[in-house]
2 protein chains.
Amino acid sequence: MVVADLGVASVLEQHPDLKNRKVAMGTQNMAKGPAMTKEEAIRSIEVGVTLVEEELSKGADILGTGDMGIGNTTASSAITAAMTGADVGTVTGRGTGIDDKGWEKKVKVIQKALNLNRPDPKDAMDVLSKVGGFEIGGIAGVILAGARYRIPVVIDGFISGAAALIATSLSPQVKPYLIASHQSTEEGHRIILDRLGLKPLLNLGLRLGEGTGAALGISLVEASLKILHEMATFSEAGVSEKEDPCQK
Amino acid sequence: MVVADLGVASVLEQHPDLKNRKVAMGTQNMAKGPAMTKEEAIRSIEVGVTLVEEELSKGADILGTGDMGIGNTTASSAITAAMTGADVGTVTGRGTGIDDKGWEKKVKVIQKALNLNRPDPKDAMDVLSKVGGFEIGGIAGVILAGARYRIPVVIDGFISGAAALIATSLSPQVKPYLIASHQSTEEGHRIILDRLGLKPLLNLGLRLGEGTGAALGISLVEASLKILHEMATFSEAGVSEKEDPCQK
């Protein structure tokens, strides 16, 4: 497991398992202007690519994405609305569990950010820089790097899905490398999976993030490989296929 | 993993990992009379109970069911039709992959067996003995024993589902101990899960049996417990919940 700080808006205590890859001390308020500069958007993606390359040298052969961040369902809803053309109200959920009033405000802020910044749906870097987050850029980088090095990327929930929208828009060849671990309760996530043509392995009403779904997904992928490679076929195992009473 | 022979209709080679618990040398042809006697039906359930009790002494705290058997989707369809009242055609699938002609014959044989034996849907032992199989009785015993000793039972596909119909009919208190690992492609399995009020963890079009789904299900249950017990809450981890831009 790799934990990287791409831009928490405070100085974090050092920890041997935490990689300091701050792009900046937090993004800017997208309701007042672009969340980040183009250069920062590029750098956030490059951080994701580099994180993967470091793990590849240690033998990683499958990737799972995940995120921690407060407010990042807001950015993900903005990206989803911008890139899919779906209504902001439709792609905006309850995040950590806000109430009706909080939800209405969230929709309003996202709509305001989109009206103000006018991200170009055909230019993923424009969308990422105007209404994205550094962790979303980083995950997009992880996805791009996975495809670049031809290893599967198991994506987690809504935030990873928004990153997948960015990554597949930058390079549609990425798609075959994506595996959707689960479908979260955020309606925006379902819209993303539909758009990407991905069928989630799990649909358990998870609203956790932090890569929990991806971790479950990786273990399912590993189990599937075991079934495909290690399970005997009927003929290998010498099982008769002719004893069904209906065949007699 | 425990592998037990409850009644393969031939003498199997001895193997240290194979428990010989033959109830009889195969069931009888249900299209010509009852598949087994009442005594054999009871014995098959007792075998399942004993298998569980042997594992409990070794520390088992969760059970998963599975089966191997040719022709046992036929018996499972018969049980499902008998106990739920669903049409034989609806609850009969392709099993190992029979063609249209094979399927029509399968439906006809099951209908004939039900017409001939007239199993009483309110008497699960009657259904099991007339159109069941020893492995289905055995799995019903495993389920009953799991509930008896208050440990969860992760059920596999269609055959385990038919056994769950038998077990829950014998004792409805069993239900809360059941976890459905997956929904197989057999339509009869969906009908069983609906009847039992169980939502499958996975819906991946598996048609494997042999406990593959249950094994996947057990690992999901273990992961869920880890999430519930070991993951920090926002307040435990000192995560601020107030920084969503929409809350500012």
# chains A, B, ... in the order shown; residues from 1 in each chain; ligands from 1
call {"tool": "select_by_dssp", "arguments": {"residues": "region 17-246 of chain B", "states": "strand (DSSP E or B)", "output": "list in words"}}
result
Leu18, Lys19, Asn20, Leu63, Gly64, Val153, Val154, Ile155, Leu178, Ile179, Ala180, His182 and Leu202 of chain B
call {"tool": "write_last_selection", "arguments": {"atoms": "N, CA and C atoms", "output": "PDB file, in the first residue's frame"}}
result
ATOM      1  N   LEU B  18     -10.626 -37.309   1.605  1.00  0.00           N
ATOM      2  CA  LEU B  18     -12.013 -37.613   1.219  1.00  0.00           C
ATOM      3  C   LEU B  18     -12.693 -38.408   2.331  1.00  0.00           C
ATOM      4  N   LYS B  19     -13.777 -37.844   2.853  1.00  0.00           N
ATOM      5  CA  LYS B  19     -14.491 -38.548   3.915  1.00  0.00           C
ATOM      6  C   LYS B  19     -15.566 -39.435   3.300  1.00  0.00           C
ATOM      7  N   ASN B  20     -15.493 -40.709   3.568  1.00  0.00           N
ATOM      8  CA  ASN B  20     -16.494 -41.639   3.052  1.00  0.00           C
ATOM      9  C   ASN B  20     -17.716 -41.653   3.970  1.00  0.00           C
ATOM     10  N   LEU B  63     -18.983 -21.141   7.981  1.00  0.00           N
ATOM     11  CA  LEU B  63     -19.087 -22.291   7.080  1.00  0.00           C
ATOM     12  C   LEU B  63     -19.403 -21.815   5.672  1.00  0.00           C
ATOM     13  N   GLY B  64     -18.890 -22.522   4.706  1.00  0.00           N
ATOM     14  CA  GLY B  64     -19.270 -22.295   3.312  1.00  0.00           C
ATOM     15  C   GLY B  64     -19.681 -23.628   2.721  1.00  0.00           C
ATOM     16  N   VAL B 153     -23.425 -19.264   7.779  1.00  0.00           N
ATOM     17  CA  VAL B 153     -23.243 -20.232   6.695  1.00  0.00           C
ATOM     18  C   VAL B 153     -23.340 -19.489   5.371  1.00  0.00           C
ATOM     19  N   VAL B 154     -22.238 -19.456   4.640  1.00  0.00           N
ATOM     20  CA  VAL B 154     -22.211 -18.800   3.333  1.00  0.00           C
ATOM     21  C   VAL B 154     -22.594 -19.844   2.288  1.00  0.00           C
ATOM     22  N   ILE B 155     -23.750 -19.624   1.670  1.00  0.00           N
ATOM     23  CA  ILE B 155     -24.191 -20.634   0.707  1.00  0.00           C
ATOM     24  C   ILE B 155     -23.714 -20.285  -0.693  1.00  0.00           C
ATOM     25  N   LEU B 178     -27.859 -17.329   7.308  1.00  0.00           N
ATOM     26  CA  LEU B 178     -27.506 -17.548   5.905  1.00  0.00           C
ATOM     27  C   LEU B 178     -26.960 -16.288   5.249  1.00  0.00           C
ATOM     28  N   ILE B 179     -25.884 -16.442   4.495  1.00  0.00           N
ATOM     29  CA  ILE B 179     -25.336 -15.376   3.651  1.00  0.00           C
ATOM     30  C   ILE B 179     -25.233 -15.946   2.241  1.00  0.00           C
ATOM     31  N   ALA B 180     -25.838 -15.258   1.280  1.00  0.00           N
ATOM     32  CA  ALA B 180     -25.783 -15.734  -0.108  1.00  0.00           C
ATOM     33  C   ALA B 180     -24.532 -15.167  -0.772  1.00  0.00           C
ATOM     34  N   HIS B 182     -23.393 -15.639  -3.953  1.00  0.00           N
ATOM     35  CA  HIS B 182     -23.559 -15.136  -5.315  1.00  0.00           C
ATOM     36  C   HIS B 182     -24.866 -15.613  -5.910  1.00  0.00           C
ATOM     37  N   LEU B 202     -22.339 -11.322  -4.682  1.00  0.00           N
ATOM     38  CA  LEU B 202     -21.780 -11.233  -6.036  1.00  0.00           C
ATOM     39  C   LEU B 202     -22.816 -11.637  -7.064  1.00  0.00           C
TER      40      LEU B 202
END
call {"tool": "closest_atom_pairs", "arguments": {"of": "chain B", "to": "chain A", "cutoff": "10 Å", "atoms": "only C-alpha atoms", "output": "JSON lines"}}
result
{"residue": "B:Asn29", "atom": "CA", "partner": "A:Pro245", "partner_atom": "CA", "distance": 7.2}
{"residue": "B:Met30", "atom": "CA", "partner": "A:Pro245", "partner_atom": "CA", "distance": 8.6}
{"residue": "B:Ala31", "atom": "CA", "partner": "A:Pro245", "partner_atom": "CA", "distance": 8.4}
{"residue": "B:Met68", "atom": "CA", "partner": "A:Val239", "partner_atom": "CA", "distance": 9.7}
{"residue": "B:Gly69", "atom": "CA", "partner": "A:Val239", "partner_atom": "CA", "distance": 9.0}
{"residue": "B:Ile70", "atom": "CA", "partner": "A:Asp244", "partner_atom": "CA", "distance": 5.7}
{"residue": "B:Gly71", "atom": "CA", "partner": "A:Asp244", "partner_atom": "CA", "distance": 4.0}
{"residue": "B:Asn72", "atom": "CA", "partner": "A:Asp244", "partner_atom": "CA", "distance": 7.7}
{"residue": "B:Thr73", "atom": "CA", "partner": "A:Asp244", "partner_atom": "CA", "distance": 8.9}
{"residue": "B:Thr74", "atom": "CA", "partner": "A:Asp244", "partner_atom": "CA", "distance": 7.5}
{"residue": "B:Ala75", "atom": "CA", "partner": "A:Pro245", "partner_atom": "CA", "distance": 9.3}
{"residue": "B:Gly95", "atom": "CA", "partner": "A:Asp244", "partner_atom": "CA", "distance": 9.4}
{"residue": "B:Thr96", "atom": "CA", "partner": "A:Glu241", "partner_atom": "CA", "distance": 7.9}
{"residue": "B:Ile98", "atom": "CA", "partner": "A:Gln247", "partner_atom": "CA", "distance": 9.3}
{"residue": "B:Lys101", "atom": "CA", "partner": "A:Gln247", "partner_atom": "CA", "distance": 9.9}
{"residue": "B:Gly102", "atom": "CA", "partner": "A:Gln247", "partner_atom": "CA", "distance": 6.8}
{"residue": "B:Trp103", "atom": "CA", "partner": "A:Cys246", "partner_atom": "CA", "distance": 8.3}
{"residue": "B:Glu104", "atom": "CA", "partner": "A:Cys246", "partner_atom": "CA", "distance": 9.0}
{"residue": "B:Lys105", "atom": "CA", "partner": "A:Cys246", "partner_atom": "CA", "distance": 5.8}
{"residue": "B:Lys106", "atom": "CA", "partner": "A:Cys246", "partner_atom": "CA", "distance": 4.6}
{"residue": "B:Val107", "atom": "CA", "partner": "A:Cys246", "partner_atom": "CA", "distance": 8.1}
{"residue": "B:Lys108", "atom": "CA", "partner": "A:Cys246", "partner_atom": "CA", "distance": 8.2}
{"residue": "B:Val109", "atom": "CA", "partner": "A:Cys246", "partner_atom": "CA", "distance": 6.0}
{"residue": "B:Ile110", "atom": "CA", "partner": "A:Cys246", "partner_atom": "CA", "distance": 8.2}
{"residue": "B:Lys199", "atom": "CA", "partner": "A:Leu204", "partner_atom": "CA", "distance": 9.5}
{"residue": "B:Pro200", "atom": "CA", "partner": "A:Leu204", "partner_atom": "CA", "distance": 9.3}
{"residue": "B:Leu201", "atom": "CA", "partner": "A:Leu204", "partner_atom": "CA", "distance": 7.0}
{"residue": "B:Leu202", "atom": "CA", "partner": "A:Leu202", "partner_atom": "CA", "distance": 6.0}
{"residue": "B:Asn203", "atom": "CA", "partner": "A:Leu201", "partner_atom": "CA", "distance": 7.5}
{"residue": "B:Leu204", "atom": "CA", "partner": "A:Leu201", "partner_atom": "CA", "distance": 7.0}
{"residue": "B:Leu208", "atom": "CA", "partner": "A:Ile227", "partner_atom": "CA", "distance": 9.5}
{"residue": "B:Thr212", "atom": "CA", "partner": "A:Ile227", "partner_atom": "CA", "distance": 8.0}
{"residue": "B:Ala215", "atom": "CA", "partner": "A:Ala223", "partner_atom": "CA", "distance": 9.2}
{"residue": "B:Leu216", "atom": "CA", "partner": "A:Leu220", "partner_atom": "CA", "distance": 7.2}
{"residue": "B:Gly217", "atom": "CA", "partner": "A:Leu220", "partner_atom": "CA", "distance": 9.9}
{"residue": "B:Ser219", "atom": "CA", "partner": "A:Ser219", "partner_atom": "CA", "distance": 8.5}
{"residue": "B:Leu220", "atom": "CA", "partner": "A:Leu216", "partner_atom": "CA", "distance": 7.2}
{"residue": "B:Ala223", "atom": "CA", "partner": "A:Leu216", "partner_atom": "CA", "distance": 7.4}
{"residue": "B:Ser224", "atom": "CA", "partner": "A:Leu216", "partner_atom": "CA", "distance": 9.4}
{"residue": "B:Ile227", "atom": "CA", "partner": "A:Thr212", "partner_atom": "CA", "distance": 8.0}
{"residue": "B:Met231", "atom": "CA", "partner": "A:Thr212", "partner_atom": "CA", "distance": 9.9}
{"residue": "B:Phe234", "atom": "CA", "partner": "A:Thr96", "partner_atom": "CA", "distance": 9.6}
{"residue": "B:Val239", "atom": "CA", "partner": "A:Ile70", "partner_atom": "CA", "distance": 8.3}
{"residue": "B:Ser240", "atom": "CA", "partner": "A:Ile70", "partner_atom": "CA", "distance": 7.5}
{"residue": "B:Glu241", "atom": "CA", "partner": "A:Ile70", "partner_atom": "CA", "distance": 6.7}
{"residue": "B:Lys242", "atom": "CA", "partner": "A:Ile70", "partner_atom": "CA", "distance": 7.9}
{"residue": "B:Glu243", "atom": "CA", "partner": "A:Ile70", "partner_atom": "CA", "distance": 6.1}
{"residue": "B:Asp244", "atom": "CA", "partner": "A:Gly71", "partner_atom": "CA", "distance": 4.0}
{"residue": "B:Pro245", "atom": "CA", "partner": "A:Gly71", "partner_atom": "CA", "distance": 6.2}
{"residue": "B:Cys246", "atom": "CA", "partner": "A:Lys106", "partner_atom": "CA", "distance": 4.6}
{"residue": "B:Gln247", "atom": "CA", "partner": "A:Gly102", "partner_atom": "CA", "distance": 6.8}
{"residue": "B:Lys248", "atom": "CA", "partner": "A:Lys105", "partner_atom": "CA", "distance": 9.7}
call {"tool": "residues_around", "arguments": {"residues": "region 122-137 of chain A", "least_positions_apart": "4", "cutoff": "6 Å", "atoms": "only C-alpha atoms", "output": "CSV table (one decimal) with C-alpha atoms, in the first residue's frame"}}
result
chain,number,residue,atom,x,y,z
A,6,LEU,CA,-0.6,15.2,-3.2
A,30,MET,CA,-13.3,26.4,-7.5
A,34,PRO,CA,-9.9,27.5,-11.3
A,35,ALA,CA,-9.0,24.9,-8.7
A,36,MET,CA,-5.4,24.7,-9.9
A,37,THR,CA,-3.1,25.9,-12.7
A,38,LYS,CA,-2.6,23.8,-15.8
A,41,ALA,CA,-2.8,19.6,-13.1
A,44,SER,CA,-0.5,15.9,-10.2
A,45,ILE,CA,-0.8,13.4,-13.0
A,75,ALA,CA,-14.9,17.9,-7.2
A,163,ALA,CA,-10.2,10.2,-12.3
A,166,ILE,CA,-10.1,12.2,-17.0
call {"tool": "residues_around", "arguments": {"residues": "Ser184 (chain B)", "least_positions_apart": "4", "cutoff": "9 Å", "atoms": "only C-alpha atoms", "output": "list in words"}}
result
Asp156, Gly157, Phe158, Gly188, His189, Arg190, Asn203, Leu204, Gly205, Leu206, Arg207, Leu208, Gly209 and Gly213 of chain B
call {"tool": "select_by_dssp", "arguments": {"residues": "region 60-96 of chain A", "states": "helix (DSSP H, G or I)", "output": "list in words"}}
result
Asn72, Thr73, Thr74, Ala75, Ser76, Ser77, Ala78, Ile79, Thr80, Ala81, Ala82, Met83, Thr84, Val88, Gly89, Thr90 and Val91 of chain A
call {"tool": "write_last_selection", "arguments": {"atoms": "all heavy atoms", "output": "mmCIF file, in the first residue's frame"}}
result
data_model
loop_
_atom_site.group_PDB
_atom_site.id
_atom_site.type_symbol
_atom_site.label_atom_id
_atom_site.label_comp_id
_atom_site.auth_asym_id
_atom_site.auth_seq_id
_atom_site.Cartn_x
_atom_site.Cartn_y
_atom_site.Cartn_z
ATOM 1 N N ASN A 72 -13.981 15.838 -1.732
ATOM 2 C CA ASN A 72 -13.657 15.368 -3.073
ATOM 3 C C ASN A 72 -14.813 14.688 -3.806
ATOM 4 O O ASN A 72 -14.707 14.462 -5.005
ATOM 5 C CB ASN A 72 -12.366 14.536 -3.120
ATOM 6 C CG ASN A 72 -12.399 13.325 -2.230
ATOM 7 O OD1 ASN A 72 -13.420 13.020 -1.629
ATOM 8 N ND2 ASN A 72 -11.274 12.627 -2.155
ATOM 9 N N THR A 73 -15.933 14.431 -3.133
ATOM 10 C CA THR A 73 -17.118 14.067 -3.932
ATOM 11 C C THR A 73 -17.636 15.315 -4.651
ATOM 12 O O THR A 73 -18.223 15.209 -5.723
ATOM 13 C CB THR A 73 -18.258 13.436 -3.100
ATOM 14 O OG1 THR A 73 -18.704 14.353 -2.109
ATOM 15 C CG2 THR A 73 -17.820 12.144 -2.423
ATOM 16 N N THR A 74 -17.408 16.481 -4.056
ATOM 17 C CA THR A 74 -17.825 17.732 -4.708
ATOM 18 C C THR A 74 -17.070 17.921 -6.027
ATOM 19 O O THR A 74 -17.672 18.159 -7.079
ATOM 20 C CB THR A 74 -17.563 18.937 -3.766
ATOM 21 O OG1 THR A 74 -18.249 18.692 -2.526
ATOM 22 C CG2 THR A 74 -18.066 20.239 -4.368
ATOM 23 N N ALA A 75 -15.741 17.783 -5.958
ATOM 24 C CA ALA A 75 -14.934 17.902 -7.171
ATOM 25 C C ALA A 75 -15.310 16.809 -8.166
ATOM 26 O O ALA A 75 -15.406 17.057 -9.379
ATOM 27 C CB ALA A 75 -13.453 17.815 -6.814
ATOM 28 N N SER A 76 -15.554 15.595 -7.674
ATOM 29 C CA SER A 76 -15.886 14.472 -8.570
ATOM 30 C C SER A 76 -17.223 14.707 -9.260
ATOM 31 O O SER A 76 -17.383 14.380 -10.444
ATOM 32 C CB SER A 76 -15.912 13.162 -7.784
ATOM 33 O OG SER A 76 -14.642 12.911 -7.220
ATOM 34 N N SER A 77 -18.192 15.265 -8.525
ATOM 35 C CA SER A 77 -19.481 15.576 -9.144
ATOM 36 C C SER A 77 -19.297 16.637 -10.225
ATOM 37 O O SER A 77 -19.899 16.556 -11.301
ATOM 38 C CB SER A 77 -20.477 16.085 -8.089
ATOM 39 O OG SER A 77 -20.781 15.073 -7.155
ATOM 40 N N ALA A 78 -18.468 17.634 -9.946
ATOM 41 C CA ALA A 78 -18.229 18.701 -10.924
ATOM 42 C C ALA A 78 -17.594 18.119 -12.189
ATOM 43 O O ALA A 78 -18.013 18.440 -13.308
ATOM 44 C CB ALA A 78 -17.327 19.774 -10.311
ATOM 45 N N ILE A 79 -16.607 17.241 -12.017
ATOM 46 C CA ILE A 79 -15.940 16.608 -13.173
ATOM 47 C C ILE A 79 -16.944 15.767 -13.953
ATOM 48 O O ILE A 79 -16.988 15.817 -15.193
ATOM 49 C CB ILE A 79 -14.752 15.726 -12.700
ATOM 50 C CG1 ILE A 79 -13.620 16.618 -12.188
ATOM 51 C CG2 ILE A 79 -14.278 14.799 -13.810
ATOM 52 C CD1 ILE A 79 -12.489 15.856 -11.495
ATOM 53 N N THR A 80 -17.763 15.002 -13.234
ATOM 54 C CA THR A 80 -18.725 14.113 -13.890
ATOM 55 C C THR A 80 -19.745 14.924 -14.680
ATOM 56 O O THR A 80 -20.068 14.589 -15.833
ATOM 57 C CB THR A 80 -19.439 13.225 -12.850
ATOM 58 O OG1 THR A 80 -18.450 12.572 -12.057
ATOM 59 C CG2 THR A 80 -20.304 12.178 -13.526
ATOM 60 N N ALA A 81 -20.263 15.995 -14.067
ATOM 61 C CA ALA A 81 -21.221 16.856 -14.779
ATOM 62 C C ALA A 81 -20.558 17.474 -15.999
ATOM 63 O O ALA A 81 -21.123 17.478 -17.100
ATOM 64 C CB ALA A 81 -21.746 17.940 -13.837
ATOM 65 N N ALA A 82 -19.334 17.976 -15.838
ATOM 66 C CA ALA A 82 -18.637 18.640 -16.936
ATOM 67 C C ALA A 82 -18.373 17.675 -18.082
ATOM 68 O O ALA A 82 -18.584 18.008 -19.245
ATOM 69 C CB ALA A 82 -17.325 19.237 -16.436
ATOM 70 N N MET A 83 -17.942 16.458 -17.766
ATOM 71 C CA MET A 83 -17.493 15.550 -18.830
ATOM 72 C C MET A 83 -18.596 14.704 -19.436
ATOM 73 O O MET A 83 -18.481 14.248 -20.570
ATOM 74 C CB MET A 83 -16.359 14.666 -18.322
ATOM 75 C CG MET A 83 -15.180 15.536 -17.880
ATOM 76 S SD MET A 83 -13.567 14.736 -17.950
ATOM 77 C CE MET A 83 -13.398 14.339 -19.669
ATOM 78 N N THR A 84 -19.673 14.428 -18.672
ATOM 79 C CA THR A 84 -20.741 13.588 -19.223
ATOM 80 C C THR A 84 -21.944 14.411 -19.668
ATOM 81 O O THR A 84 -22.820 13.902 -20.367
ATOM 82 C CB THR A 84 -21.245 12.547 -18.198
ATOM 83 O OG1 THR A 84 -21.949 13.238 -17.149
ATOM 84 C CG2 THR A 84 -20.101 11.744 -17.598
ATOM 85 N N VAL A 88 -26.104 18.527 -12.747
ATOM 86 C CA VAL A 88 -25.362 18.584 -11.488
ATOM 87 C C VAL A 88 -26.157 17.903 -10.376
ATOM 88 O O VAL A 88 -25.613 17.131 -9.574
ATOM 89 C CB VAL A 88 -25.034 20.049 -11.107
ATOM 90 C CG1 VAL A 88 -24.459 20.114 -9.702
ATOM 91 C CG2 VAL A 88 -24.063 20.659 -12.110
ATOM 92 N N GLY A 89 -27.467 18.158 -10.339
ATOM 93 C CA GLY A 89 -28.302 17.547 -9.300
ATOM 94 C C GLY A 89 -28.256 16.026 -9.338
ATOM 95 O O GLY A 89 -28.281 15.362 -8.298
ATOM 96 N N THR A 90 -28.163 15.473 -10.534
ATOM 97 C CA THR A 90 -28.157 14.011 -10.691
ATOM 98 C C THR A 90 -26.838 13.396 -10.222
ATOM 99 O O THR A 90 -26.826 12.319 -9.638
ATOM 100 C CB THR A 90 -28.373 13.642 -12.179
ATOM 101 O OG1 THR A 90 -29.530 14.330 -12.646
ATOM 102 C CG2 THR A 90 -28.564 12.148 -12.362
ATOM 103 N N VAL A 91 -25.739 14.082 -10.494
ATOM 104 C CA VAL A 91 -24.437 13.479 -10.188
ATOM 105 C C VAL A 91 -23.904 13.892 -8.817
ATOM 106 O O VAL A 91 -22.777 13.559 -8.459
ATOM 107 C CB VAL A 91 -23.374 13.850 -11.269
ATOM 108 C CG1 VAL A 91 -23.807 13.325 -12.627
ATOM 109 C CG2 VAL A 91 -23.134 15.347 -11.320
#
call {"tool": "atom_distance", "arguments": {"atom1": "CA of Asp61 (chain A)", "atom2": "CA of Tyr149 (chain A)"}}
result
9.4 Å
call {"tool": "atom_distance", "arguments": {"atom1": "CA of Asp194 (chain B)", "atom2": "CA of Gln111 (chain B)"}}
result
22.5 Å
call {"tool": "closest_residue", "arguments": {"among": "A:Asp120, A:Asp5, A:Asp99, A:Glu54", "to": "Gly85 (chain A)", "atoms": "only C-alpha atoms"}}
result
A:Asp120
